[in-house]
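The structure file input-v3.pdb is reproduced below (PDB, C-alpha atoms).
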MODEL        1
ATOM      1  CA  MET A   1       0.113  14.383  47.548
ATOM      2  CA  ARG A   2      -1.289  12.747  44.416
ATOM      3  CA  PHE A   3      -1.669  14.766  41.232
ATOM      4  CA  LEU A   4      -5.482  15.098  41.395
ATOM      5  CA  GLN A   5      -5.302  16.394  44.962
ATOM      6  CA  ARG A   6      -2.792  18.995  43.839
ATOM      7  CA  VAL A   7      -5.093  20.026  41.000
ATOM      8  CA  ALA A   8      -8.059  20.373  43.388
ATOM      9  CA  VAL A   9      -6.171  22.758  45.665
ATOM     10  CA  LEU A  10      -4.898  24.854  42.795
ATOM     11  CA  ALA A  11      -8.354  24.928  41.206
ATOM     12  CA  ALA A  12      -9.775  26.349  44.425
ATOM     13  CA  THR A  13      -7.257  29.161  44.573
ATOM     14  CA  ILE A  14      -7.571  29.978  40.893
ATOM     15  CA  ALA A  15     -11.372  29.987  41.076
ATOM     16  CA  LEU A  16     -11.356  32.351  44.020
ATOM     17  CA  LEU A  17      -9.186  34.770  42.118
ATOM     18  CA  GLY A  18     -11.152  34.610  38.919
ATOM     19  CA  GLU A  19      -8.876  32.468  36.780
ATOM     20  CA  ALA A  20     -11.725  30.998  34.796
ATOM     21  CA  PRO A  21     -13.197  31.709  31.398
ATOM     22  CA  ALA A  22     -14.672  35.030  31.740
ATOM     23  CA  PRO A  23     -18.763  36.824  28.302
ATOM     24  CA  SER A  24     -19.969  38.558  24.398
ATOM     25  CA  ALA A  25     -22.823  40.893  25.051
ATOM     26  CA  PRO A  26     -25.775  40.133  22.723
ATOM     27  CA  SER A  27     -27.602  43.350  23.531
ATOM     28  CA  GLU A  28     -26.980  47.041  23.961
ATOM     29  CA  GLU A  29     -28.161  46.786  27.567
ATOM     30  CA  ALA A  30     -25.576  44.141  28.484
ATOM     31  CA  ALA A  31     -22.810  46.133  26.776
ATOM     32  CA  ARG A  32     -23.906  49.265  28.622
ATOM     33  CA  LEU A  33     -23.897  47.494  31.993
ATOM     34  CA  PHE A  34     -20.438  46.046  31.435
ATOM     35  CA  ALA A  35     -19.138  49.486  30.450
ATOM     36  CA  LEU A  36     -20.856  51.066  33.462
ATOM     37  CA  ASN A  37     -19.080  48.660  35.777
ATOM     38  CA  GLY A  38     -15.761  49.813  34.338
ATOM     39  CA  ALA A  39     -16.783  53.444  34.761
ATOM     40  CA  ARG A  40     -17.155  52.929  38.511
ATOM     41  CA  THR A  41     -13.376  52.826  38.768
ATOM     42  CA  SER A  42     -12.694  55.407  36.056
ATOM     43  CA  ALA A  43     -11.198  57.737  38.676
ATOM     44  CA  VAL A  44      -8.585  55.101  39.542
ATOM     45  CA  GLN A  45      -5.229  54.792  37.830
ATOM     46  CA  SER A  46      -4.141  51.859  39.989
ATOM     47  CA  TYR A  47      -4.488  50.278  43.399
ATOM     48  CA  THR A  48      -2.867  47.632  45.580
ATOM     49  CA  SER A  49      -4.099  45.590  48.538
ATOM     50  CA  HIS A  50      -2.840  42.938  50.921
ATOM     51  CA  LEU A  51      -4.503  39.548  50.467
ATOM     52  CA  HIS A  52      -4.980  36.644  52.900
ATOM     53  CA  VAL A  53      -6.560  33.387  51.700
ATOM     54  CA  ASP A  54      -7.711  30.450  53.855
ATOM     55  CA  VAL A  55      -8.059  27.208  51.873
ATOM     56  CA  ILE A  56      -9.815  24.094  53.242
ATOM     57  CA  LEU A  57     -10.354  20.721  51.556
ATOM     58  CA  ARG A  58     -13.624  19.304  52.878
ATOM     59  CA  SER A  59     -12.920  15.943  51.294
ATOM     60  CA  PHE A  60      -9.954  13.612  51.709
ATOM     61  CA  PRO A  61      -7.127  14.454  52.456
ATOM     62  CA  TYR A  62      -8.806  17.250  54.495
ATOM     63  CA  LEU A  63      -5.982  19.757  54.156
ATOM     64  CA  ALA A  64      -6.049  23.356  55.346
ATOM     65  CA  PHE A  65      -3.501  26.057  54.576
ATOM     66  CA  HIS A  66      -3.116  29.812  54.213
ATOM     67  CA  LEU A  67      -1.778  32.079  51.481
ATOM     68  CA  ASN A  68      -0.622  35.689  51.818
ATOM     69  CA  GLY A  69       0.052  38.037  48.967
ATOM     70  CA  THR A  70      -0.615  41.333  47.243
ATOM     71  CA  ILE A  71      -3.150  42.208  44.556
ATOM     72  CA  SER A  72      -2.607  44.998  42.068
ATOM     73  CA  PHE A  73      -4.830  46.737  39.536
ATOM     74  CA  LYS A  74      -3.635  49.062  36.795
ATOM     75  CA  ARG A  75      -5.764  50.595  34.070
ATOM     76  CA  PRO A  76      -7.198  49.600  31.753
ATOM     77  CA  ASP A  77      -7.790  45.994  32.895
ATOM     78  CA  LEU A  78      -4.541  44.695  34.369
ATOM     79  CA  TYR A  79      -5.477  42.819  37.540
ATOM     80  CA  SER A  80      -3.149  40.299  39.190
ATOM     81  CA  VAL A  81      -2.055  38.698  42.450
ATOM     82  CA  HIS A  82       1.368  37.792  43.770
ATOM     83  CA  PHE A  83       1.642  35.249  46.597
ATOM     84  CA  GLU A  84       4.605  35.596  48.942
ATOM     85  CA  HIS A  85       4.904  31.863  49.607
ATOM     86  CA  VAL A  86       3.037  28.865  48.211
ATOM     87  CA  PRO A  87       3.131  25.165  49.231
ATOM     88  CA  TRP A  88       5.387  22.942  47.191
ATOM     89  CA  PHE A  89       2.458  21.670  45.123
ATOM     90  CA  GLY A  90       1.616  25.268  44.204
ATOM     91  CA  LYS A  91       4.964  26.160  42.700
ATOM     92  CA  GLY A  92       4.460  28.068  39.483
ATOM     93  CA  PHE A  93       1.284  29.729  40.793
ATOM     94  CA  GLU A  94       2.983  32.567  42.690
ATOM     95  CA  ASP A  95       1.695  35.068  40.128
ATOM     96  CA  LEU A  96      -1.851  34.872  38.760
ATOM     97  CA  LYS A  97      -3.800  36.977  36.295
ATOM     98  CA  MET A  98      -7.209  38.105  37.589
ATOM     99  CA  ASP A  99      -8.628  40.157  34.707
ATOM    100  CA  PRO A 100     -11.759  37.927  34.349
ATOM    101  CA  MET A 101     -13.049  39.343  37.661
ATOM    102  CA  ILE A 102     -13.541  42.643  35.805
ATOM    103  CA  PRO A 103     -16.946  42.530  34.009
ATOM    104  CA  SER A 104     -15.820  44.970  31.331
ATOM    105  CA  THR A 105     -13.559  42.168  29.997
ATOM    106  CA  TRP A 106     -16.388  39.623  29.689
ATOM    107  CA  PRO A 107     -17.469  40.453  26.103
ATOM    108  CA  GLU A 108     -14.139  39.036  24.946
ATOM    109  CA  HIS A 109     -14.996  35.601  26.329
ATOM    110  CA  TYR A 110     -18.744  35.034  26.833
ATOM    111  CA  ASP A 111     -22.100  35.318  25.114
ATOM    112  CA  VAL A 112     -24.959  36.557  27.311
ATOM    113  CA  THR A 113     -28.033  34.351  26.877
ATOM    114  CA  SER A 114     -30.296  35.984  29.493
ATOM    115  CA  LEU A 115     -30.391  39.282  31.393
ATOM    116  CA  THR A 116     -32.895  40.012  34.189
ATOM    117  CA  HIS A 117     -33.267  42.493  37.070
ATOM    118  CA  SER A 118     -34.396  42.310  40.688
ATOM    119  CA  GLY A 119     -34.168  45.553  42.633
ATOM    120  CA  ASP A 120     -30.712  47.014  42.072
ATOM    121  CA  ARG A 121     -29.215  43.661  41.096
ATOM    122  CA  THR A 122     -28.775  42.411  37.518
ATOM    123  CA  PHE A 123     -28.540  38.692  36.734
ATOM    124  CA  PHE A 124     -26.641  37.347  33.730
ATOM    125  CA  GLU A 125     -26.761  33.854  32.256
ATOM    126  CA  MET A 126     -23.829  33.284  29.931
ATOM    127  CA  ARG A 127     -21.942  30.687  27.924
ATOM    128  CA  ASP A 128     -18.448  30.416  26.517
ATOM    129  CA  LYS A 129     -17.926  31.688  23.008
ATOM    130  CA  VAL A 130     -16.033  28.468  22.312
ATOM    131  CA  ASP A 131     -17.498  25.142  23.454
ATOM    132  CA  GLY A 132     -15.400  23.477  26.137
ATOM    133  CA  HIS A 133     -15.677  22.237  29.695
ATOM    134  CA  VAL A 134     -17.992  25.022  30.916
ATOM    135  CA  LYS A 135     -21.722  24.340  30.553
ATOM    136  CA  GLY A 136     -22.912  27.757  31.743
ATOM    137  CA  VAL A 137     -22.044  30.845  33.780
ATOM    138  CA  HIS A 138     -24.257  32.799  36.179
ATOM    139  CA  ALA A 139     -23.186  36.275  37.345
ATOM    140  CA  GLU A 140     -24.723  39.041  39.436
ATOM    141  CA  LEU A 141     -23.886  42.758  39.395
ATOM    142  CA  ASP A 142     -25.185  45.624  41.533
ATOM    143  CA  PRO A 143     -24.122  49.284  41.975
ATOM    144  CA  ALA A 144     -20.959  48.121  43.785
ATOM    145  CA  GLY A 145     -19.940  45.848  40.896
ATOM    146  CA  LEU A 146     -19.566  42.061  40.751
ATOM    147  CA  ARG A 147     -21.313  40.284  43.637
ATOM    148  CA  LYS A 148     -21.433  36.664  42.498
ATOM    149  CA  ILE A 149     -20.223  34.449  39.689
ATOM    150  CA  GLU A 150     -20.824  30.707  39.263
ATOM    151  CA  TRP A 151     -19.489  28.245  36.717
ATOM    152  CA  ALA A 152     -21.246  24.933  35.928
ATOM    153  CA  TYR A 153     -19.124  22.299  34.172
ATOM    154  CA  VAL A 154     -20.139  19.512  31.830
ATOM    155  CA  ASN A 155     -18.589  16.933  34.197
ATOM    156  CA  GLY A 156     -21.007  17.976  36.973
ATOM    157  CA  GLY A 157     -18.554  20.199  38.823
ATOM    158  CA  GLU A 158     -19.521  23.644  40.105
ATOM    159  CA  ILE A 159     -17.485  26.657  41.215
ATOM    160  CA  GLY A 160     -19.078  29.676  42.884
ATOM    161  CA  VAL A 161     -17.500  32.914  44.074
ATOM    162  CA  ALA A 162     -19.338  35.473  46.224
ATOM    163  CA  VAL A 163     -17.901  38.985  46.571
ATOM    164  CA  THR A 164     -18.509  41.387  49.455
ATOM    165  CA  PRO A 165     -17.457  44.922  48.442
ATOM    166  CA  VAL A 166     -16.285  47.919  50.428
ATOM    167  CA  PHE A 167     -15.918  51.546  49.336
ATOM    168  CA  VAL A 168     -12.419  53.000  49.745
ATOM    169  CA  ASP A 169     -12.083  56.683  48.874
ATOM    170  CA  GLY A 170     -15.463  56.321  47.167
ATOM    171  CA  ILE A 171     -14.269  53.425  44.967
ATOM    172  CA  PRO A 172     -15.937  49.969  45.225
ATOM    173  CA  VAL A 173     -13.330  47.248  45.777
ATOM    174  CA  PRO A 174     -13.528  43.690  47.202
ATOM    175  CA  SER A 175     -13.510  43.349  50.982
ATOM    176  CA  THR A 176     -13.884  39.559  51.026
ATOM    177  CA  GLU A 177     -14.415  36.767  48.515
ATOM    178  CA  ASP A 178     -15.730  33.271  49.268
ATOM    179  CA  ALA A 179     -15.369  30.352  46.884
ATOM    180  CA  ASP A 180     -17.113  26.978  46.975
ATOM    181  CA  ILE A 181     -15.568  24.440  44.596
ATOM    182  CA  ARG A 182     -17.357  21.121  44.112
ATOM    183  CA  LEU A 183     -15.488  18.902  41.708
ATOM    184  CA  PRO A 184     -16.537  15.320  40.932
ATOM    185  CA  THR A 185     -14.057  14.005  43.524
ATOM    186  CA  TYR A 186     -13.150  16.977  45.736
ATOM    187  CA  HIS A 187     -14.845  19.725  47.702
ATOM    188  CA  VAL A 188     -12.788  22.837  48.473
ATOM    189  CA  VAL A 189     -13.739  26.137  50.118
ATOM    190  CA  CYS A 190     -11.728  29.359  50.263
ATOM    191  CA  HIS A 191     -12.093  32.662  52.076
ATOM    192  CA  ALA A 192     -10.077  35.695  50.964
ATOM    193  CA  THR A 193      -9.706  38.968  52.847
ATOM    194  CA  PHE A 194      -8.432  42.171  51.210
ATOM    195  CA  THR A 195      -6.912  44.884  53.438
ATOM    196  CA  ASP A 196      -4.729  47.998  53.361
ATOM    197  CA  TYR A 197      -5.891  49.360  50.028
ATOM    198  CA  LYS A 198      -3.748  52.066  48.471
ATOM    199  CA  ILE A 199      -5.456  53.878  45.605
ATOM    200  CA  VAL A 200      -3.861  56.165  43.034
ATOM    201  CA  ALA A 201      -6.258  58.622  41.400
ATOM    202  CA  ALA A 202      -6.424  58.852  37.594
ATOM    203  CA  GLU A 203      -6.855  62.623  37.294
ATOM    204  CA  PRO A 204      -3.782  64.537  36.118
ATOM    205  CA  GLY A 205      -1.768  65.674  39.097
ATOM    206  CA  ALA A 206      -3.754  63.523  41.526
ATOM    207  CA  ASP A 207      -1.121  60.840  41.930
ATOM    208  CA  ALA A 208      -0.946  60.723  45.686
ATOM    209  CA  GLN A 209      -1.792  57.434  47.286
ATOM    210  CA  HIS A 210      -4.712  57.233  49.690
ATOM    211  CA  ALA A 211      -4.468  54.410  52.193
ATOM    212  CA  ARG A 212      -7.534  52.765  53.579
TER     213      ARG A 212
ENDMDL
END
With the file now loaded, output its structure as structure tokens.
Amino acid sequence: MRFLQRVAVLAATIALLGEAPAPSAPSEEAARLFALNGARTSAVQSYTSHLHVDVILRSFPYLAFHLNGTISFKRPDLYSVHFEHVPWFGKGFEDLKMDPMIPSTWPEHYDVTSLTHSGDRTFFEMRDKVDGHVKGVHAELDPAGLRKIEWAYVNGGEIGVAVTPVFVDGIPVPSTEDADIRLPTYHVVCHATFTDYKIVAAEPGADAQHAR
């Protein structure tokens, strides 16, 4: 496989798992909403989940493969994935950091340029604090947390991730994530499924694990 094909596949996986620049809040409302999102999991000390990812290249060379692994979250914002096995062109990507999928970390990376509401959903338009390859970022939050995030790149590429949540022991966590990656030369789609959540409560003495 040529180098650019390898990059396209890895970009798809990384995008799905949130390995992208992640915003600074220009208003008290944005800061409050980011903090509120973190408060939704304030009762959680940590959790783990099994992860299955289907990856399909919809442009040449039309590859399809699967990844299995485990995600883990530990307060305050330590979020990562470990893949059990990766294809040869994915070596070095067995362990990935996923903190940017946590909105409470966004003020470290982005500036919010617009904030609007529709029903129970809030829409953010953002930009990188430091100029680079990203032209703009669109994100959507609702009472269950992050529902969508999209990156537009100066080279015309676009990456979008849609999140479907589920409540486990009253805590909103991802059930599935779908990524659509359209690079100037490649088109890649991914579907991730999260199962078998085990949640550890944050309250003193409440350290028993609760399986989904």
Residues in the PyMOL selection byres ((chain A and resi 60) around 9), expressed as a ChimeraX atom specification: /A:5,57-59,61-63,186-187
One residue among A:Ser104, A:Asp169, A:Thr193, A:Leu183 is nearest to Leu146 (chain A) when using all atoms listed in the file, and that residue is A:Ser104
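Put simply, the PyMOL selection byres ((chain A and resi 117) around 12) on this file hits Glu29, Ala30, Leu33, Ser114, Leu115, Thr116, Ser118, Gly119, Asp120, Arg121, Thr122, Phe123, Phe124, Glu125, Ala139, Glu140, Leu141 and Asp142 of chain A.
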Chain and number of each residue from the PyMOL selection byres ((chain A and resi 155) around 12), as an NGL selection string: :A and (132-136 or 151-154 or 156-158 or 182-185)
Can you write out the residues you just picked, keeping C-alpha atoms, as a PDB file, keeping the file's coordinate frame?
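Resulting contents of selection-v2.pdb:
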ATOM      1  CA  GLY A 132     -15.400  23.477  26.137  1.00  0.00           C
ATOM      2  CA  HIS A 133     -15.677  22.237  29.695  1.00  0.00           C
ATOM      3  CA  VAL A 134     -17.992  25.022  30.916  1.00  0.00           C
ATOM      4  CA  LYS A 135     -21.722  24.340  30.553  1.00  0.00           C
ATOM      5  CA  GLY A 136     -22.912  27.757  31.743  1.00  0.00           C
ATOM      6  CA  TRP A 151     -19.489  28.245  36.717  1.00  0.00           C
ATOM      7  CA  ALA A 152     -21.246  24.933  35.928  1.00  0.00           C
ATOM      8  CA  TYR A 153     -19.124  22.299  34.172  1.00  0.00           C
ATOM      9  CA  VAL A 154     -20.139  19.512  31.830  1.00  0.00           C
ATOM     10  CA  GLY A 156     -21.007  17.976  36.973  1.00  0.00           C
ATOM     11  CA  GLY A 157     -18.554  20.199  38.823  1.00  0.00           C
ATOM     12  CA  GLU A 158     -19.521  23.644  40.105  1.00  0.00           C
ATOM     13  CA  ARG A 182     -17.357  21.121  44.112  1.00  0.00           C
ATOM     14  CA  LEU A 183     -15.488  18.902  41.708  1.00  0.00           C
ATOM     15  CA  PRO A 184     -16.537  15.320  40.932  1.00  0.00           C
ATOM     16  CA  THR A 185     -14.057  14.005  43.524  1.00  0.00           C
TER      17      THR A 185
END
Quote the spacing between CA of Ser80 (chain A) and CA of His138 (chain A) in Å to one decimal place. 22.6 Å
note - CA of Arg147 (chain A) and CA of Ala162 (chain A) are separated by 5.8 Å
What is the CA of Asp196 (chain A)-CA of Tyr47 (chain A) distance in Å, reported with one decimal? 10.2 Å
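With all atoms listed in the file as the atoms that count, the minimum distance from Val189 (chain A) to the choices A:Gly160, A:Phe167, A:Met126, A:Asn68 is reached by A:Gly160.
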Once you count all atoms listed in the file, which residues end up no further than 7 Å from (-1.7, 48.5, 38.9) in the file's frame, shown as a count of residues only? 9
Pick the closest to Val55 (chain A) from A:Ile199, A:Glu177, A:Pro103, A:Thr70: which is it, counting only C-alpha atoms? A:Glu177
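Considering the residues A:Lys198, A:Val44, A:Glu150, A:Phe83 and counting only C-alpha atoms, Asp178 (chain A) has its shortest atom-to-atom contact with A:Glu150.
Nearest residue to Val130 (chain A) among A:Ile149, A:Gly92, A:Tyr110, A:Ile71 is A:Tyr110, counting all atoms listed in the file.
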Check the smallest atom-to-atom distance from each of A:Ile159, A:Ala201, A:Ala43, A:Thr164 to Ala179 (chain A) using all atoms listed in the file, then report the winner. A:Ile159
